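Below is the file work35.cif, which contains mmCIF, C-alpha atoms.
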```
data_structure
#
loop_
_atom_site.label_atom_id
_atom_site.label_comp_id
_atom_site.auth_asym_id
_atom_site.auth_seq_id
_atom_site.Cartn_x
_atom_site.Cartn_y
_atom_site.Cartn_z
CA MET A 1 36.86 12.35 95.68
CA ALA A 2 38.68 9.23 94.55
CA GLU A 3 42.41 9.70 94.54
CA VAL A 4 44.62 9.60 91.49
CA LYS A 5 48.29 8.76 91.79
CA LEU A 6 50.85 8.70 89.02
CA HIS A 7 54.13 6.82 89.29
CA GLY A 8 56.80 8.03 86.91
CA ARG A 9 60.35 8.96 86.09
CA TRP A 10 61.12 12.63 85.42
CA TYR A 11 62.67 12.20 81.94
CA SER A 12 60.17 9.73 80.49
CA PRO A 13 58.05 10.79 77.48
CA PHE A 14 55.66 7.95 78.35
CA LEU A 15 55.08 9.57 81.73
CA TYR A 16 54.52 12.96 80.12
CA ARG A 17 51.85 11.58 77.82
CA VAL A 18 49.80 10.77 80.91
CA ILE A 19 50.62 14.08 82.63
CA TRP A 20 49.42 16.00 79.55
CA ALA A 21 46.17 14.02 79.43
CA LEU A 22 45.50 14.63 83.13
CA LYS A 23 46.34 18.35 82.91
CA LEU A 24 44.27 18.90 79.76
CA LYS A 25 41.28 17.44 81.58
CA GLY A 26 41.98 19.30 84.81
CA ILE A 27 42.42 16.17 86.91
CA SER A 28 44.46 16.54 90.08
CA TYR A 29 46.86 13.79 90.97
CA GLU A 30 49.71 12.97 93.28
CA TYR A 31 53.02 12.36 91.53
CA ILE A 32 55.43 9.72 92.79
CA GLU A 33 58.97 9.65 91.39
CA GLU A 34 60.32 6.12 90.95
CA ASP A 35 63.97 5.12 91.04
CA LEU A 36 64.14 2.62 88.20
CA SER A 37 67.49 1.25 89.35
CA ASN A 38 65.86 0.44 92.67
CA LYS A 39 62.20 -0.24 91.95
CA SER A 40 59.82 0.25 94.83
CA PRO A 41 57.81 -2.75 96.06
CA LEU A 42 54.70 -0.72 95.22
CA LEU A 43 55.72 -0.37 91.55
CA LEU A 44 56.44 -4.09 91.30
CA GLN A 45 53.07 -4.81 92.86
CA TYR A 46 51.25 -2.43 90.48
CA ASN A 47 53.08 -3.49 87.33
CA PRO A 48 54.29 -7.05 87.83
CA VAL A 49 54.28 -7.77 84.10
CA HIS A 50 56.51 -4.99 82.77
CA LYS A 51 57.84 -3.40 86.00
CA LYS A 52 57.77 -0.03 84.22
CA ILE A 53 56.42 3.45 84.58
CA PRO A 54 54.07 5.17 84.07
CA VAL A 55 51.48 3.55 86.27
CA LEU A 56 48.25 5.38 87.06
CA VAL A 57 46.59 4.30 90.28
CA HIS A 58 42.96 5.32 90.64
CA SER A 59 41.19 4.44 93.88
CA GLY A 60 43.93 1.90 94.51
CA LYS A 61 43.54 0.20 91.11
CA PRO A 62 46.61 0.27 88.84
CA ILE A 63 46.53 0.86 85.09
CA CYS A 64 49.71 0.33 83.04
CA GLU A 65 50.94 1.24 79.54
CA SER A 66 50.76 4.95 78.73
CA MET A 67 48.28 4.77 75.83
CA ILE A 68 46.00 2.33 77.68
CA ILE A 69 46.11 4.73 80.64
CA ILE A 70 45.07 7.57 78.34
CA GLU A 71 42.10 5.62 76.95
CA TYR A 72 41.09 4.96 80.58
CA ILE A 73 41.41 8.66 81.48
CA GLU A 74 39.36 9.55 78.38
CA GLU A 75 36.56 7.19 79.42
CA LYS A 76 36.58 8.15 83.09
CA TRP A 77 36.79 11.92 82.52
CA PRO A 78 35.09 12.79 79.22
CA GLN A 79 35.69 16.58 79.42
CA THR A 80 38.16 17.98 76.86
CA PRO A 81 37.93 14.86 74.70
CA LEU A 82 41.20 13.52 73.32
CA LEU A 83 39.56 11.15 70.85
CA PRO A 84 37.07 12.07 68.14
CA SER A 85 33.51 10.80 68.61
CA ASP A 86 33.14 9.23 65.16
CA PRO A 87 34.23 5.55 65.15
CA TYR A 88 36.09 5.88 61.84
CA GLU A 89 38.02 8.95 63.01
CA ARG A 90 38.75 7.13 66.28
CA ALA A 91 40.11 4.16 64.34
CA LYS A 92 42.38 6.50 62.35
CA ALA A 93 43.64 8.08 65.56
CA ARG A 94 44.29 4.68 67.14
CA PHE A 95 46.14 3.62 63.99
CA TRP A 96 48.62 6.48 64.37
CA VAL A 97 49.00 5.74 68.07
CA LYS A 98 49.89 2.11 67.23
CA PHE A 99 52.21 3.37 64.51
CA VAL A 100 54.30 5.50 66.82
CA GLU A 101 54.36 2.75 69.47
CA GLU A 102 55.77 0.36 66.88
CA LYS A 103 58.33 2.78 65.47
CA ALA A 104 59.46 4.53 68.67
CA PRO A 105 62.26 2.06 69.56
CA ALA A 106 64.33 3.39 66.64
CA PHE A 107 64.28 6.89 68.16
CA TRP A 108 65.51 5.50 71.46
CA SER A 109 68.26 3.41 69.99
CA LEU A 110 69.56 6.59 68.32
CA TYR A 111 71.08 7.98 71.50
CA ARG A 112 72.25 4.56 72.68
CA SER A 113 74.11 3.32 69.62
CA THR A 114 77.14 3.91 67.41
CA GLY A 115 78.39 2.75 64.03
CA GLU A 116 76.16 0.45 62.00
CA GLU A 117 73.49 0.25 64.66
CA GLN A 118 73.25 4.03 64.82
CA LYS A 119 73.11 4.29 61.01
CA LYS A 120 70.16 1.91 61.05
CA ALA A 121 68.46 3.85 63.86
CA LEU A 122 68.92 7.07 61.87
CA LYS A 123 67.54 5.50 58.71
CA ASP A 124 64.54 4.00 60.53
CA SER A 125 63.83 7.26 62.39
CA SER A 126 64.01 9.22 59.17
CA GLU A 127 61.67 6.86 57.35
CA THR A 128 59.19 6.99 60.19
CA LEU A 129 59.21 10.78 60.19
CA LYS A 130 58.75 10.78 56.43
CA ILE A 131 55.64 8.62 56.65
CA VAL A 132 54.18 10.89 59.32
CA GLU A 133 55.07 13.98 57.28
CA GLU A 134 53.50 12.66 54.10
CA GLN A 135 50.56 10.68 55.40
CA GLY A 136 49.86 11.57 58.99
CA LEU A 137 49.36 15.29 59.35
CA GLY A 138 47.74 16.49 56.18
CA GLU A 139 47.02 20.22 56.26
CA LYS A 140 45.93 20.26 59.88
CA LYS A 141 47.70 22.19 62.61
CA PHE A 142 47.60 19.21 64.94
CA PHE A 143 46.84 15.52 64.43
CA GLY A 144 43.70 16.22 66.45
CA GLY A 145 42.69 19.10 64.17
CA ASP A 146 42.62 22.61 65.65
CA SER A 147 43.45 21.38 69.11
CA ILE A 148 45.69 18.59 70.33
CA GLY A 149 44.35 15.08 70.78
CA ILE A 150 45.51 11.58 71.57
CA VAL A 151 47.78 11.30 68.52
CA ASP A 152 49.58 14.57 69.29
CA ILE A 153 50.12 13.32 72.83
CA ALA A 154 51.41 9.98 71.56
CA PHE A 155 53.84 11.80 69.24
CA GLY A 156 55.03 14.14 71.97
CA ALA A 157 58.40 12.41 72.21
CA ILE A 158 59.16 13.58 68.67
CA ALA A 159 58.54 17.17 69.73
CA HIS A 160 60.69 17.44 72.82
CA TRP A 161 62.86 14.34 73.18
CA PHE A 162 64.00 13.64 69.63
CA GLY A 163 65.81 16.98 69.45
CA VAL A 164 67.78 16.07 72.59
CA PHE A 165 68.86 12.78 71.01
CA GLU A 166 69.81 14.56 67.79
CA GLU A 167 71.99 16.94 69.77
CA ILE A 168 73.72 14.13 71.68
CA VAL A 169 74.65 12.15 68.57
CA GLU A 170 75.29 15.33 66.60
CA VAL A 171 72.95 14.68 63.69
CA LYS A 172 70.03 16.71 62.44
CA VAL A 173 67.10 14.75 61.07
CA LEU A 174 63.95 16.74 61.87
CA GLU A 175 64.78 19.84 59.86
CA ALA A 176 62.20 22.33 58.63
CA HIS A 177 63.19 22.05 54.97
CA ALA A 178 62.96 18.25 54.97
CA PHE A 179 59.89 17.95 57.18
CA PRO A 180 57.97 21.23 56.90
CA ARG A 181 54.67 19.94 58.30
CA LEU A 182 56.19 17.96 61.14
CA HIS A 183 58.51 20.79 62.05
CA ALA A 184 55.61 23.25 62.17
CA TRP A 185 53.66 20.75 64.25
CA LYS A 186 56.55 20.47 66.73
CA VAL A 187 56.70 24.25 67.16
CA ASN A 188 52.91 24.53 67.58
CA PHE A 189 52.74 21.56 69.94
CA GLU A 190 55.32 23.00 72.30
CA GLU A 191 53.44 26.32 72.35
CA VAL A 192 50.24 24.74 73.69
CA PRO A 193 50.09 26.04 77.29
CA VAL A 194 49.54 22.65 78.97
CA ILE A 195 52.48 21.22 77.03
CA LYS A 196 54.74 24.24 77.50
CA GLU A 197 54.15 24.20 81.25
CA ASN A 198 54.69 20.45 81.53
CA LEU A 199 57.97 19.45 79.98
CA PRO A 200 61.12 18.12 81.66
CA ASP A 201 64.02 20.56 81.74
CA ARG A 202 65.86 20.25 78.44
CA ASP A 203 69.37 20.86 79.81
CA LYS A 204 68.78 18.38 82.61
CA MET A 205 67.64 15.84 80.00
CA LEU A 206 70.67 16.53 77.81
CA ASP A 207 72.97 15.82 80.75
CA TYR A 208 71.06 12.75 81.79
CA PHE A 209 70.88 11.13 78.35
CA LYS A 210 74.51 11.97 77.58
CA LYS A 211 75.47 10.13 80.74
CA ARG A 212 73.19 7.22 79.89
CA ARG A 213 74.76 7.00 76.44
CA ILE A 214 78.26 6.76 77.87
CA GLU A 215 77.15 4.11 80.37
CA SER A 216 75.32 2.14 77.74
CA LEU A 217 78.23 2.21 75.29
CA SER A 218 80.82 1.19 77.85
CA ALA A 219 78.57 -1.58 79.12
CA SER A 220 78.35 -3.08 75.64
CA GLN A 221 82.12 -3.24 75.20
CA MET B 18 21.39 3.04 49.63
CA ALA B 19 23.18 0.08 48.04
CA GLU B 20 26.48 1.30 49.42
CA GLU B 21 25.20 1.49 53.00
CA ASN B 22 26.97 -0.90 55.31
CA LYS B 23 29.06 -2.47 52.59
CA VAL B 24 31.80 -4.37 54.36
CA SER B 25 34.79 -6.10 52.81
CA LEU B 26 37.83 -7.69 54.38
CA HIS B 27 41.19 -8.05 52.67
CA GLY B 28 43.08 -10.94 54.18
CA PHE B 29 45.35 -13.93 53.98
CA PHE B 30 43.95 -17.28 55.08
CA ALA B 31 46.82 -18.20 57.42
CA SER B 32 47.04 -14.86 59.21
CA PRO B 33 45.88 -14.84 62.84
CA TYR B 34 45.41 -11.08 62.56
CA VAL B 35 42.92 -11.59 59.72
CA ARG B 36 41.30 -14.42 61.66
CA ARG B 37 40.57 -12.02 64.52
CA VAL B 38 38.65 -9.67 62.29
CA GLU B 39 36.72 -12.50 60.61
CA LEU B 40 35.70 -13.85 63.99
CA ALA B 41 34.58 -10.42 65.12
CA LEU B 42 32.46 -9.95 61.99
CA LYS B 43 30.95 -13.42 62.31
CA PHE B 44 30.20 -13.05 66.03
CA LYS B 45 28.32 -9.83 65.28
CA GLY B 46 26.57 -11.41 62.30
CA ILE B 47 27.89 -8.75 59.91
CA PRO B 48 27.77 -9.79 56.24
CA TYR B 49 31.03 -9.09 54.42
CA GLU B 50 32.91 -9.80 51.23
CA TYR B 51 36.22 -11.56 51.74
CA VAL B 52 39.13 -10.77 49.44
CA GLU B 53 42.07 -13.17 49.64
CA GLU B 54 45.32 -11.33 48.98
CA ASP B 55 48.41 -12.88 47.46
CA LEU B 56 51.03 -11.38 49.75
CA LYS B 57 53.72 -11.83 47.10
CA ASN B 58 51.60 -9.90 44.64
CA LYS B 59 49.55 -7.41 46.61
CA SER B 60 46.51 -5.94 44.94
CA SER B 61 46.53 -2.25 44.06
CA LEU B 62 43.46 -1.90 46.28
CA LEU B 63 45.39 -3.18 49.28
CA LEU B 64 48.24 -0.76 48.61
CA LYS B 65 45.72 2.06 48.29
CA TYR B 66 43.92 1.09 51.50
CA ASN B 67 47.02 0.50 53.59
CA PRO B 68 49.79 2.66 52.15
CA VAL B 69 51.72 2.83 55.41
CA HIS B 70 52.11 -0.88 56.18
CA LYS B 71 50.82 -2.54 52.98
CA LYS B 72 49.52 -5.41 55.14
CA VAL B 73 46.40 -7.40 55.88
CA PRO B 74 43.89 -7.34 57.46
CA VAL B 75 42.17 -4.30 56.02
CA LEU B 76 38.49 -3.80 56.80
CA VAL B 77 36.71 -1.58 54.32
CA HIS B 78 33.41 -0.14 55.50
CA ASN B 79 31.49 1.93 52.98
CA GLY B 80 34.70 2.58 51.10
CA LYS B 81 36.68 3.65 54.17
CA PRO B 82 39.65 1.48 55.18
CA ILE B 83 40.53 0.56 58.75
CA VAL B 84 43.80 -1.23 59.52
CA GLU B 85 45.56 -2.88 62.50
CA SER B 86 43.63 -5.88 63.83
CA LEU B 87 43.06 -4.59 67.38
CA VAL B 88 42.00 -1.18 66.07
CA ILE B 89 39.58 -2.92 63.67
CA LEU B 90 38.11 -4.96 66.53
CA GLU B 91 37.37 -1.82 68.55
CA TYR B 92 35.94 -0.14 65.43
CA ILE B 93 33.59 -3.08 64.84
CA ASP B 94 32.55 -3.03 68.50
CA GLU B 95 31.79 0.71 68.38
CA THR B 96 29.99 0.65 65.04
CA TRP B 97 27.76 -2.41 65.41
CA LYS B 98 25.88 -2.54 68.69
CA ASN B 99 24.17 -5.88 68.00
CA GLY B 100 25.61 -9.19 69.13
CA PRO B 101 28.27 -9.51 71.83
CA GLN B 102 30.01 -6.35 73.10
CA PHE B 103 33.69 -7.14 72.82
CA LEU B 104 34.69 -4.65 75.50
CA PRO B 105 32.87 -4.32 78.84
CA GLU B 106 31.28 -1.04 79.94
CA ASP B 107 33.51 -0.44 82.94
CA PRO B 108 36.61 1.64 82.06
CA TYR B 109 38.88 -0.25 84.45
CA LYS B 110 37.88 -3.64 83.04
CA ARG B 111 38.34 -2.22 79.53
CA ALA B 112 41.88 -1.17 80.46
CA GLN B 113 42.62 -4.66 81.79
CA ILE B 114 41.29 -6.34 78.62
CA ARG B 115 43.24 -3.93 76.37
CA PHE B 116 46.39 -4.56 78.37
CA TRP B 117 46.20 -8.36 78.10
CA ALA B 118 45.07 -8.31 74.46
CA SER B 119 48.09 -6.15 73.66
CA PHE B 120 50.28 -8.47 75.74
CA VAL B 121 49.20 -11.56 73.78
CA HIS B 122 49.47 -9.65 70.50
CA GLN B 123 52.97 -8.29 71.11
CA GLN B 124 54.74 -10.33 73.74
CA VAL B 125 53.36 -13.82 73.27
CA PHE B 126 52.62 -14.01 69.57
CA GLN B 127 55.89 -12.44 68.38
CA ASN B 128 57.79 -15.10 70.31
CA MET B 129 55.57 -17.87 68.96
CA VAL B 130 56.51 -16.68 65.49
CA LEU B 131 60.17 -16.93 66.50
CA ILE B 132 59.63 -20.51 67.66
CA LEU B 133 58.33 -21.30 64.19
CA LYS B 134 61.05 -19.43 62.33
CA THR B 135 64.17 -20.48 64.24
CA ASP B 136 65.98 -23.49 65.56
CA GLY B 137 68.74 -24.27 68.04
CA GLU B 138 69.56 -21.64 70.64
CA ALA B 139 67.35 -18.94 69.15
CA GLN B 140 64.38 -21.28 69.30
CA GLU B 141 65.18 -22.33 72.87
CA LYS B 142 65.25 -18.67 73.87
CA ALA B 143 61.88 -18.06 72.20
CA VAL B 144 60.37 -21.10 73.93
CA LYS B 145 61.57 -19.79 77.30
CA GLU B 146 60.08 -16.35 76.55
CA VAL B 147 56.72 -17.81 75.57
CA SER B 148 56.63 -19.99 78.71
CA GLU B 149 57.31 -16.96 80.90
CA LYS B 150 54.72 -14.85 79.11
CA LEU B 151 52.13 -17.62 79.35
CA SER B 152 52.59 -17.78 83.13
CA LEU B 153 52.02 -14.05 83.34
CA LEU B 154 48.97 -14.35 81.08
CA GLU B 155 47.53 -17.07 83.28
CA GLU B 156 47.81 -14.71 86.28
CA GLY B 157 46.31 -11.95 84.18
CA ILE B 158 43.26 -14.01 83.26
CA LYS B 159 42.73 -14.76 86.95
CA SER B 160 42.92 -11.05 87.77
CA ILE B 161 40.35 -10.14 85.11
CA PHE B 162 37.93 -12.74 86.38
CA PRO B 163 38.47 -12.89 90.14
CA GLU B 164 35.17 -14.71 90.59
CA GLY B 165 35.98 -17.29 87.95
CA ILE B 166 35.58 -17.17 84.18
CA PRO B 167 31.96 -17.16 82.98
CA ILE B 168 30.86 -19.98 80.65
CA ILE B 169 31.49 -18.94 77.07
CA ASP B 170 28.79 -18.67 74.47
CA GLN B 171 28.40 -16.74 71.25
CA GLU B 172 26.67 -13.87 73.04
CA ASN B 173 29.34 -13.07 75.62
CA VAL B 174 32.58 -13.53 73.71
CA GLY B 175 35.03 -10.68 74.28
CA LEU B 176 38.04 -8.96 72.72
CA LEU B 177 40.53 -11.04 74.67
CA ASP B 178 38.71 -14.26 73.68
CA ILE B 179 39.00 -13.32 70.01
CA VAL B 180 42.71 -12.57 70.41
CA ILE B 181 43.27 -15.81 72.32
CA VAL B 182 41.53 -18.05 69.83
CA SER B 183 43.13 -16.39 66.79
CA THR B 184 46.60 -16.60 68.37
CA PHE B 185 46.51 -20.11 69.80
CA SER B 186 44.16 -22.01 67.48
CA SER B 187 47.14 -23.13 65.41
CA TYR B 188 49.01 -24.72 68.33
CA LYS B 189 48.19 -28.23 67.11
CA ALA B 190 49.42 -27.37 63.62
CA LEU B 191 52.56 -25.83 65.11
CA LYS B 192 53.22 -29.03 67.05
CA GLU B 193 52.90 -31.05 63.85
CA VAL B 194 55.24 -28.76 61.89
CA LEU B 195 57.91 -28.77 64.60
CA GLY B 196 57.57 -32.50 65.14
CA LEU B 197 57.26 -32.07 68.87
CA GLU B 198 55.41 -30.12 71.50
CA LEU B 199 57.75 -27.42 72.75
CA ILE B 200 55.16 -26.00 75.08
CA ASP B 201 52.48 -28.09 76.75
CA LEU B 202 49.72 -25.51 76.81
CA GLU B 203 47.37 -27.64 78.88
CA LYS B 204 49.97 -28.13 81.60
CA THR B 205 51.52 -24.65 81.72
CA SER B 206 48.34 -22.63 81.21
CA PRO B 207 45.27 -24.58 82.37
CA LEU B 208 42.93 -21.55 82.47
CA LEU B 209 44.00 -20.36 79.04
CA PHE B 210 43.77 -23.89 77.66
CA SER B 211 40.28 -24.54 78.97
CA ARG B 212 39.10 -21.14 77.66
CA LEU B 213 40.68 -21.90 74.28
CA LYS B 214 39.02 -25.32 74.15
CA ALA B 215 35.62 -23.81 74.93
CA LEU B 216 36.11 -21.16 72.25
CA LEU B 217 37.18 -23.71 69.63
CA GLU B 218 33.90 -25.56 70.20
CA LEU B 219 31.73 -22.55 69.34
CA PRO B 220 30.08 -23.04 65.92
CA VAL B 221 31.19 -19.59 64.71
CA VAL B 222 34.82 -20.40 65.51
CA GLU B 223 34.69 -23.89 64.03
CA GLY B 224 33.30 -22.41 60.84
CA ALA B 225 35.88 -19.62 60.66
CA LEU B 226 39.10 -21.55 61.07
CA PRO B 227 40.91 -22.85 57.99
CA PRO B 228 41.34 -26.64 57.69
CA HIS B 229 44.16 -28.09 59.80
CA GLU B 230 46.11 -29.38 56.78
CA LYS B 231 46.07 -26.00 55.13
CA VAL B 232 47.45 -24.36 58.28
CA VAL B 233 50.15 -27.02 58.58
CA GLY B 234 51.13 -26.37 54.97
CA ALA B 235 51.32 -22.61 55.48
CA LEU B 236 53.36 -22.93 58.70
CA LYS B 237 55.75 -25.43 57.09
CA PHE B 238 56.30 -23.03 54.22
CA MET B 239 56.96 -20.10 56.57
CA ARG B 240 59.42 -22.14 58.63
CA GLN B 241 61.31 -23.34 55.57
CA ASN B 242 61.55 -19.83 54.16
CA ALA B 243 62.81 -18.41 57.42
CA LEU B 244 65.40 -21.12 58.02
CA ASN B 245 66.63 -20.90 54.42
CA SER B 246 67.08 -17.16 54.51
CA ALA B 247 68.77 -17.37 57.92
CA SER B 248 71.40 -19.74 56.64
CA VAL B 249 72.24 -17.64 53.56
#
```
Would you give me this structure, written as structure tokens?
Amino acid sequence: MAEVKLHGRWYSPFLYRVIWALKLKGISYEYIEEDLSNKSPLLLQYNPVHKKIPVLVHSGKPICESMIIIEYIEEKWPQTPLLPSDPYERAKARFWVKFVEEKAPAFWSLYRSTGEEQKKALKDSSETLKIVEEQGLGEKKFFGGDSIGIVDIAFGAIAHWFGVFEEIVEVKVLEAHAFPRLHAWKVNFEEVPVIKENLPDRDKMLDYFKKRRIESLSASQ
Amino acid sequence: MAEENKVSLHGFFASPYVRRVELALKFKGIPYEYVEEDLKNKSSLLLKYNPVHKKVPVLVHNGKPIVESLVILEYIDETWKNGPQFLPEDPYKRAQIRFWASFVHQQVFQNMVLILKTDGEAQEKAVKEVSEKLSLLEEGIKSIFPEGIPIIDQENVGLLDIVIVSTFSSYKALKEVLGLELIDLEKTSPLLFSRLKALLELPVVEGALPPHEKVVGALKFMRQNALNSASV
């Protein structure tokens, strides 16, 4: 059987998107942890353009960019489909994937910034969540309907990582009363067995991102 | 049955994103109604069809709106099986094409917009970025076609071709607006340049591009606006 390898970094939501897709489809893979401060020659060879993780390597051929990897996985292993079969529904799903890709940087800058920059990150994050709350979910349990799909996977960072960032900067944005649908989605998403069993340790992440925040703030002084 | 396969496209003549969708429709021979939007006075239909971004292009197929140019391209490819298939069958090749299309869309084009909208140091920085990205793209094109790029014709045009021609077709207009050639495409990216030239000669493409003067006018306007608001 052709081998599947996945290069990643333990705290990355982009990595976890790919892990969830592989696990949902029952695909075995070998995981390789990368040290991003000391990138392996293999990583640089596999992803010369962005030099980032995740990288999926299938039969020696590298695929980069988490959502492109997931479309590849979907096409190679059609069981437990992550995309609807109807072209219009697929286009809607891909729209929301693009949406979160475009808006995600604001979530990340939340834990890295202070003052005005942080205010902006908070405002942008809040607006993004509002759009998703009002226009993305509808009455469905998951973006994918009754079971999770590609959009739920793409939004996974909001479920598990955003809360860590909120805790570090001591603000609460994703609250049940303000975002009832999204909050319910988050709870349901984290209860899905494949998700529940495949999440980085929250305390470890808290420590790690706190440290990163301190480093990033002192570097910018 | 009158509603079956009714296609309309909301767009703006100078938008490369809209151009991509028009090219895709024309390559597949899909009849459509074109609706030019005044971006300073967006139609209520546009706002209804694209409430999240309120932008063009919007493709409306039998009353259902699809937005985001690359998403629209894949939708068109999946819905109409006649004409060229924009994405190959092989999943790995599809991943490569998607990667480079996204690269041109995000990394290259955004910096080209900066070149248009800035001057001085900011512009120099954007020029450097574009040059670097173009070198990477050149390598990427080689990796997609290790046996050499097939001759282009209207039956084998692909997703990346559509993105390339819609992104770079205005390079002559850009040169005119800036008064000089900040990036010599032919010299820095010979593969890309020769592919672009071949694409520009296809009748469908020639017919779909707005007149040079109109593009120059639109780019001049955008540059002026950007520089004026930057200096406020």
Mind telling me what the PyMOL selection byres ((chain A and resi 11-20) around 9) catches here, as an MDAnalysis selection string?
chainID A and resid 6:10 21:25 53:56 65:67 69:70 73 150 153:157 160:161 194:195 198:201 204:205 208
Separating CA of Asp124 in chain A from CA of Ala106 in chain A, to the nearest tenth of an Å, is a gap of 6.1 Å
I want to know what sits within 7 Å of Lys45 in chain B, based on only C-alpha atoms, with residues of the same chain fewer than 3 positions away left out; could you give that as a VMD selection string? chain B and resid 41 to 42 99 to 101
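Using all atoms listed in the file, the smallest distance between any of B:Asn67, B:Gln124, B:Thr96, B:Ser152 and chain A comes from B:Thr96.
Distances to chain B were evaluated for A:Asp203, A:Glu197, A:Glu102, A:Glu30 using all atoms listed in the file, and the minimum falls at A:Glu102.
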